[in-house]
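Structure file data.tsv with TSV, C-alpha atoms:
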chain	number	residue	atom	x	y	z
A	23	MET	CA	17.85	8.50	24.85
A	24	SER	CA	16.92	11.50	22.68
A	25	ALA	CA	13.60	11.76	20.85
A	26	PRO	CA	15.23	11.02	17.44
A	27	GLU	CA	16.93	7.97	18.92
A	28	GLU	CA	13.62	6.79	20.39
A	29	ASP	CA	11.96	7.22	16.99
A	30	HIS	CA	14.78	5.26	15.41
A	31	ALA	CA	14.47	2.43	17.95
A	32	ARG	CA	10.73	2.29	17.27
A	33	TRP	CA	11.37	2.14	13.52
A	34	ARG	CA	13.84	-0.71	14.04
A	35	ASN	CA	11.30	-2.70	16.06
A	36	GLU	CA	8.61	-2.12	13.43
A	37	ARG	CA	10.97	-3.28	10.67
A	38	HIS	CA	11.93	-6.40	12.61
A	39	ALA	CA	8.26	-7.34	12.96
A	40	ALA	CA	7.15	-6.32	9.46
A	41	VAL	CA	9.62	-8.48	7.51
A	42	ALA	CA	8.43	-11.61	9.36
A	43	ARG	CA	4.69	-11.08	8.83
A	44	PRO	CA	2.68	-13.65	6.82
A	45	THR	CA	3.16	-11.51	3.70
A	46	GLY	CA	6.40	-9.82	4.79
A	47	ASN	CA	9.67	-9.95	2.89
A	48	LEU	CA	10.78	-13.22	4.51
A	49	ALA	CA	7.55	-14.99	3.57
A	50	LEU	CA	7.96	-14.80	-0.22
A	51	VAL	CA	8.72	-18.33	-1.41
A	52	GLU	CA	7.81	-18.15	-5.10
A	53	THR	CA	7.35	-15.58	-7.85
A	54	ARG	CA	5.67	-17.24	-10.82
A	55	TRP	CA	5.38	-15.31	-14.10
A	56	VAL	CA	2.63	-16.65	-16.34
A	57	GLY	CA	2.69	-14.36	-19.39
A	58	SER	CA	0.28	-11.89	-20.98
A	59	GLU	CA	-2.92	-13.33	-19.49
A	60	ARG	CA	-4.08	-12.47	-16.00
A	61	PRO	CA	-3.70	-15.54	-13.75
A	62	ASP	CA	-6.42	-17.26	-11.75
A	63	VAL	CA	-5.57	-16.00	-8.28
A	64	GLU	CA	-8.53	-17.66	-6.60
A	65	GLY	CA	-7.70	-21.02	-8.16
A	66	ALA	CA	-4.07	-20.77	-7.11
A	67	GLN	CA	-5.12	-19.82	-3.58
A	68	ALA	CA	-7.52	-22.76	-3.34
A	69	ALA	CA	-4.75	-25.16	-4.33
A	70	ALA	CA	-2.17	-23.68	-1.95
A	71	PRO	CA	-1.37	-24.96	1.56
A	72	ALA	CA	-3.17	-23.27	4.46
A	73	SER	CA	-0.08	-21.25	5.44
A	74	VAL	CA	0.30	-19.74	1.95
A	75	THR	CA	-1.24	-16.50	0.66
A	76	VAL	CA	-1.36	-15.92	-3.12
A	77	THR	CA	-1.35	-12.41	-4.61
A	78	PRO	CA	-1.30	-11.07	-8.19
A	79	LEU	CA	1.71	-9.34	-9.71
A	80	GLU	CA	2.28	-7.22	-12.82
A	81	ARG	CA	5.29	-5.74	-14.56
A	82	THR	CA	6.42	-4.64	-18.01
A	83	ASP	CA	8.02	-7.36	-20.09
A	84	ILE	CA	11.66	-6.34	-20.53
A	85	SER	CA	11.73	-7.61	-24.16
A	86	THR	CA	8.33	-6.58	-25.54
A	87	GLY	CA	7.32	-3.66	-23.32
A	88	GLU	CA	3.91	-5.28	-22.87
A	89	PRO	CA	2.25	-6.08	-19.52
A	90	GLU	CA	3.35	-9.36	-17.96
A	91	TYR	CA	1.36	-11.03	-15.18
A	92	GLY	CA	2.29	-13.36	-12.41
A	93	LEU	CA	1.62	-14.69	-8.93
A	94	ARG	CA	3.43	-14.39	-5.65
A	95	PHE	CA	3.26	-17.10	-3.00
A	96	TRP	CA	3.78	-16.04	0.61
A	97	ASP	CA	4.29	-18.73	3.26
A	98	ALA	CA	3.73	-17.70	6.88
A	99	SER	CA	5.96	-20.60	7.94
A	100	SER	CA	8.65	-20.17	5.29
A	101	PRO	CA	12.19	-21.47	5.94
A	102	ALA	CA	13.44	-17.85	5.99
A	103	ILE	CA	10.97	-16.83	8.70
A	104	ARG	CA	11.93	-19.83	10.81
A	105	ALA	CA	15.64	-19.03	10.44
A	106	TYR	CA	15.35	-15.26	10.86
A	107	ASP	CA	17.29	-13.78	13.77
A	108	ARG	CA	17.60	-10.02	13.27
A	109	ILE	CA	18.71	-7.17	11.04
A	110	ASP	CA	22.11	-5.76	11.98
A	111	VAL	CA	22.19	-1.95	12.04
A	112	TYR	CA	24.57	0.91	12.68
A	113	ASP	CA	24.04	3.02	15.79
A	114	TYR	CA	21.89	6.10	15.25
A	115	ASP	CA	23.95	9.05	14.00
A	116	PRO	CA	22.32	12.48	13.64
A	117	ALA	CA	25.03	13.50	11.17
A	118	TRP	CA	23.36	11.22	8.63
A	119	VAL	CA	20.08	13.17	8.68
A	120	ILE	CA	20.64	15.33	5.61
A	121	GLU	CA	18.60	18.26	4.28
A	122	ALA	CA	18.27	18.18	0.50
A	123	GLU	CA	16.31	19.84	-2.27
A	124	PHE	CA	13.87	18.22	-4.66
A	125	ALA	CA	13.42	19.74	-8.12
A	126	PRO	CA	10.71	18.24	-10.36
A	127	VAL	CA	11.40	17.50	-14.02
A	128	ASP	CA	9.16	17.06	-17.04
A	129	ALA	CA	6.66	14.25	-16.63
A	130	GLY	CA	7.75	11.00	-18.18
A	131	ARG	CA	11.50	11.29	-17.65
A	132	THR	CA	12.91	7.84	-16.98
A	133	VAL	CA	16.21	6.41	-15.81
A	134	PRO	CA	17.33	2.87	-16.73
A	135	PHE	CA	17.57	0.72	-13.60
A	136	GLU	CA	19.27	-2.65	-13.80
A	137	HIS	CA	17.45	-5.29	-11.75
A	138	ILE	CA	19.09	-8.09	-9.81
A	139	ARG	CA	17.34	-10.94	-11.71
A	140	ASP	CA	17.37	-9.46	-15.23
A	141	ASN	CA	20.84	-10.69	-16.25
A	142	GLY	CA	22.15	-7.21	-17.02
A	143	GLY	CA	18.96	-5.91	-18.67
A	144	THR	CA	17.48	-2.58	-17.63
A	145	ARG	CA	13.97	-1.33	-16.92
A	146	GLU	CA	13.00	2.29	-17.43
A	147	LEU	CA	11.58	3.73	-14.19
A	148	VAL	CA	9.93	7.14	-14.01
A	149	VAL	CA	12.04	9.61	-12.00
A	150	PRO	CA	9.88	12.60	-10.98
A	151	GLY	CA	12.80	14.91	-10.19
A	152	ASP	CA	16.32	15.41	-8.92
A	153	ILE	CA	17.45	15.40	-5.30
A	154	THR	CA	20.50	17.56	-4.63
A	155	PHE	CA	22.65	18.12	-1.54
A	156	THR	CA	26.26	18.58	-0.51
A	157	LEU	CA	28.06	16.03	1.65
A	158	ASP	CA	31.62	16.58	2.88
A	159	GLY	CA	32.14	19.20	0.18
A	160	THR	CA	30.87	16.99	-2.64
A	161	GLU	CA	27.65	17.89	-4.44
A	162	HIS	CA	25.31	15.00	-5.19
A	163	ARG	CA	22.42	14.80	-7.64
A	164	LEU	CA	20.39	11.64	-7.05
A	165	ALA	CA	17.55	9.93	-8.90
A	166	ALA	CA	14.69	8.60	-6.76
A	167	PHE	CA	11.73	6.93	-8.42
A	168	ASP	CA	8.04	6.98	-7.61
A	169	ASP	CA	7.16	4.05	-5.35
A	170	GLY	CA	3.40	4.35	-5.01
A	171	GLY	CA	3.45	8.09	-4.29
A	172	THR	CA	6.65	8.08	-2.19
A	173	LEU	CA	10.13	8.84	-3.45
A	174	LEU	CA	12.36	5.78	-3.11
A	175	LEU	CA	16.11	6.15	-3.33
A	176	VAL	CA	18.21	3.15	-4.39
A	177	PHE	CA	21.83	3.84	-3.51
A	178	GLY	CA	25.19	2.16	-3.20
A	179	ASP	CA	28.38	2.96	-1.29
A	180	PRO	CA	31.75	1.35	-0.48
A	181	THR	CA	30.31	-0.58	2.50
A	182	ASN	CA	28.25	-2.80	0.16
A	183	GLY	CA	29.45	-6.39	0.25
A	184	THR	CA	31.65	-5.89	3.31
A	185	GLU	CA	29.61	-4.16	6.03
A	186	THR	CA	26.23	-3.85	4.31
A	187	TYR	CA	24.06	-5.71	1.81
A	188	GLY	CA	26.05	-6.30	-1.34
A	189	SER	CA	23.66	-4.93	-3.96
A	190	GLY	CA	22.99	-1.59	-2.25
A	191	ARG	CA	20.28	-0.26	0.03
A	192	PHE	CA	16.96	1.59	-0.18
A	193	LEU	CA	15.76	4.79	1.49
A	194	PHE	CA	12.36	6.47	1.49
A	195	VAL	CA	12.67	10.23	1.02
A	196	ARG	CA	10.84	12.27	3.64
A	197	ARG	CA	9.02	15.54	3.09
A	198	ASP	CA	8.47	17.77	6.13
A	199	ASP	CA	7.55	20.99	4.32
A	200	GLY	CA	3.91	20.09	3.61
A	201	ALA	CA	4.47	20.20	-0.14
A	202	GLY	CA	2.85	17.69	-2.48
A	203	PHE	CA	4.63	14.68	-3.87
A	204	GLY	CA	5.88	16.29	-7.09
A	205	ASP	CA	6.36	19.84	-5.84
A	206	ALA	CA	9.72	21.54	-5.56
A	207	GLY	CA	11.02	22.02	-2.05
A	208	SER	CA	13.07	20.60	0.79
A	209	VAL	CA	13.30	16.89	1.58
A	210	VAL	CA	15.05	14.91	4.30
A	211	LEU	CA	17.38	11.98	3.67
A	212	ASP	CA	17.61	10.15	6.99
A	213	PHE	CA	20.19	7.52	6.15
A	214	ASN	CA	19.67	6.03	9.61
A	215	ARG	CA	16.58	4.53	7.99
A	216	ALA	CA	18.40	3.11	4.99
A	217	PHE	CA	17.18	-0.45	4.71
A	218	VAL	CA	18.11	-3.78	3.20
A	219	PRO	CA	16.00	-4.23	0.05
A	220	PRO	CA	13.47	-7.07	-0.22
A	221	CYS	CA	15.93	-9.20	-2.20
A	222	GLY	CA	18.06	-9.45	0.95
A	223	PHE	CA	15.24	-11.43	2.58
A	224	SER	CA	14.11	-13.63	-0.31
A	225	ALA	CA	15.71	-14.61	-3.59
A	226	GLN	CA	12.26	-14.38	-5.20
A	227	TYR	CA	12.40	-10.57	-5.47
A	228	ASN	CA	13.76	-8.67	-8.45
A	229	CYS	CA	15.17	-5.52	-6.85
A	230	PRO	CA	16.47	-2.50	-8.79
A	231	LEU	CA	20.19	-1.82	-8.44
A	232	PRO	CA	21.68	1.65	-7.82
A	233	PRO	CA	22.19	3.66	-11.03
A	234	PRO	CA	25.62	5.28	-11.48
A	235	GLN	CA	24.55	8.69	-10.12
A	236	ASN	CA	23.33	7.07	-6.89
A	237	ARG	CA	26.65	5.44	-5.97
A	238	PHE	CA	28.53	7.29	-3.23
A	239	THR	CA	32.33	7.31	-3.14
A	240	GLN	CA	32.32	7.74	0.66
A	241	PRO	CA	31.00	5.03	3.00
A	242	VAL	CA	27.48	5.53	4.37
A	243	ARG	CA	27.73	4.01	7.84
A	244	ALA	CA	24.12	4.47	8.83
A	245	GLY	CA	20.95	2.40	8.70
A	246	GLU	CA	20.61	-1.33	8.24
A	247	LYS	CA	23.58	-3.52	7.41
A	248	ASN	CA	22.51	-7.11	6.69
A	249	VAL	CA	19.89	-9.71	7.54
A	250	VAL	CA	21.15	-12.27	10.06
A	251	PHE	CA	19.87	-15.84	9.91
A	252	MET	CA	20.44	-18.72	12.30
A	253	ASP	CA	22.22	-21.99	11.46
A	254	ASP	CA	23.96	-20.59	8.36
A	255	PHE	CA	20.65	-20.33	6.49
A	256	ASP	CA	21.05	-19.07	2.91
A	257	ILE	CA	18.10	-17.58	1.00
A	258	TYR	CA	19.60	-18.80	-2.28
A	259	SER	CA	19.58	-22.43	-1.24
A	260	ALA	CA	16.17	-22.42	0.47

In structure tokens, write the structure found in this file.
Amino acid sequence: MSAPEEDHARWRNERHAAVARPTGNLALVETRWVGSERPDVEGAQAAAPASVTVTPLERTDISTGEPEYGLRFWDASSPAIRAYDRIDVYDYDPAWVIEAEFAPVDAGRTVPFEHIRDNGGTRELVVPGDITFTLDGTEHRLAAFDDGGTLLLVFGDPTNGTETYGSGRFLFVRRDDGAGFGDAGSVVLDFNRAFVPPCGFSAQYNCPLPPPQNRFTQPVRAGEKNVVFMDDFDIYSA
């Protein structure tokens, strides 16, 4: 096994463990929005079962643009954790490690992202710059948003809904050139590390969907495919 394949196998093992942690993707059993007032996290935690961890949550109200607060409830013994088997993946393929260029844009540029639980509404997410590369003779210009200081790409391709998760997949953009987060320069898109978004593990997430410019016409057969549960478990009926 080559060094890149070993790294990929290690990443797969880390992902398998991370999603099943007490506050991993599979543990989220409730997202409770409470409005414009910050909730009592300590009170909610005190009233919760011993296996449950309560954390605060904040977003922008899609109608008013004002802050909206909520709570997330994570159960270390959730039905999804108990039913979890594995994440199906494609075999590692070095052809899907792609060199690209990042070009920053004026601060404050946003792109409307539709979210899976917003009934067709969109949320404006800050996009720090454009990522460009050529694949099979086709030039692509993608929008990745700032996810806590890391560029996160939300993309779709023709495998969605047949081979891979139906709503698209996520990919963290890697920088190997030593440049800062918002600086121009080279980036790496290792689609072998494309992953099923959190909403593939729990129906309590509200994941962004791929914008039009991030939808490939060619299949991306790399990275994670789907979450596999035992006994026909369905996150939407849990």

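Near (20.5, -3.2, -9.7), the residues that fall inside 7 Å on the basis of only C-alpha atoms are A:Phe135, A:Glu136, A:His137, A:Ile138, A:Ser189, A:Cys229, A:Pro230, A:Leu231, A:Pro232.
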
Output, as JSON, the centre and edge lengths in Å (one decimal) of the axis-aligned box that contains all listed atoms of segment 94-97 of chain A with 3 Å of margin on each side.
{"center_x": 3.8, "center_y": -16.6, "center_z": -1.2, "size_x": 7.0, "size_y": 10.3, "size_z": 14.9}

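Distance check against Phe213 of chain A using all atoms listed in the file: of A:Gly245, A:Pro150, A:Gly87, A:Gly178, the minimum falls on A:Gly245.
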
Closest-contact table, segment 64-134 of chain A side, partner segment 24-47 of chain A, 9 Å, counting all atoms listed in the file, as a tab-separated table:
residue	atom	partner	partner_atom	distance
A:Ser73	CA	A:Pro44	CA	8.2
A:Val74	CA	A:Pro44	CA	8.2
A:Thr75	CA	A:Thr45	CA	7.3
A:Phe95	CA	A:Thr45	CA	8.7
A:Trp96	CA	A:Thr45	CA	5.5
A:Asp97	CA	A:Pro44	CA	6.4
A:Ala98	CA	A:Pro44	CA	4.2
A:Ser99	CA	A:Pro44	CA	7.8
A:Ser100	CA	A:Pro44	CA	9.0
A:Ala102	CA	A:Ala42	CA	8.7
A:Ile103	CA	A:Ala42	CA	5.8
A:Tyr106	CA	A:Ala42	CA	8.0
A:Arg108	CA	A:His38	CA	6.8
A:Ile109	CA	A:His38	CA	7.0
A:Val111	CA	A:Arg34	CA	8.7
A:Tyr114	CA	A:Glu27	CA	6.4
A:Asp115	CA	A:Glu27	CA	8.6
A:Pro116	CA	A:Pro26	CA	8.2

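Reported to one decimal place, the separation of atom CA of Leu157 of chain A from atom CA of Val133 of chain A is 23.2 Å.
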
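Rounded to one decimal, atom CA of Tyr91 of chain A and atom CA of Tyr258 of chain A lie 23.7 Å from each other.
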
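Proximity to Val209 of chain A was assessed for A:Ile257, A:Ala122, A:Leu48, A:Val242 counting all atoms listed in the file; the smallest distance is recorded for A:Ala122.
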
Subject >> Who sits within 9 Å of Glu185 of chain A, only C-alpha atoms, same chain under 5 positions skipped, as a count of residues only >> reply: 4

Original post:
What does the distance from atom CA of Arg60 of chain A to atom CA of Arg94 of chain A come to in Å, to one decimal?
Top reply: 12.9 Å

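Proximity ranking of A:Cys221, A:Leu147, A:Ile120, A:Met252 relative to Ala166 of chain A places A:Leu147 first, based on only C-alpha atoms.
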
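Minimum atom-to-atom distances from A:Gly207, A:Pro71, A:Gly65, A:Pro241 to Phe124 of chain A were compared using all atoms listed in the file, and the lowest value belongs to A:Gly207.
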
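You can rank A:Asp205, A:Glu52, A:Asp168, A:Glu90 by their closest distance to Thr77 of chain A using only C-alpha atoms, and at the top of that list sits A:Glu52.
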
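For the set A:Thr186, A:Arg197, A:Phe255, A:Arg237, the residue with the smallest atom-to-atom gap to Asp110 of chain A is A:Thr186, counting only C-alpha atoms.
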
**OP:** May I have the residues within 12 Å of Val148 of chain A as a ChimeraX atom specification, using only C-alpha atoms and disregarding those fewer than 2 positions away in the same chain?
**Re:** /A:126-135,145-146,150-152,165-171,173-174
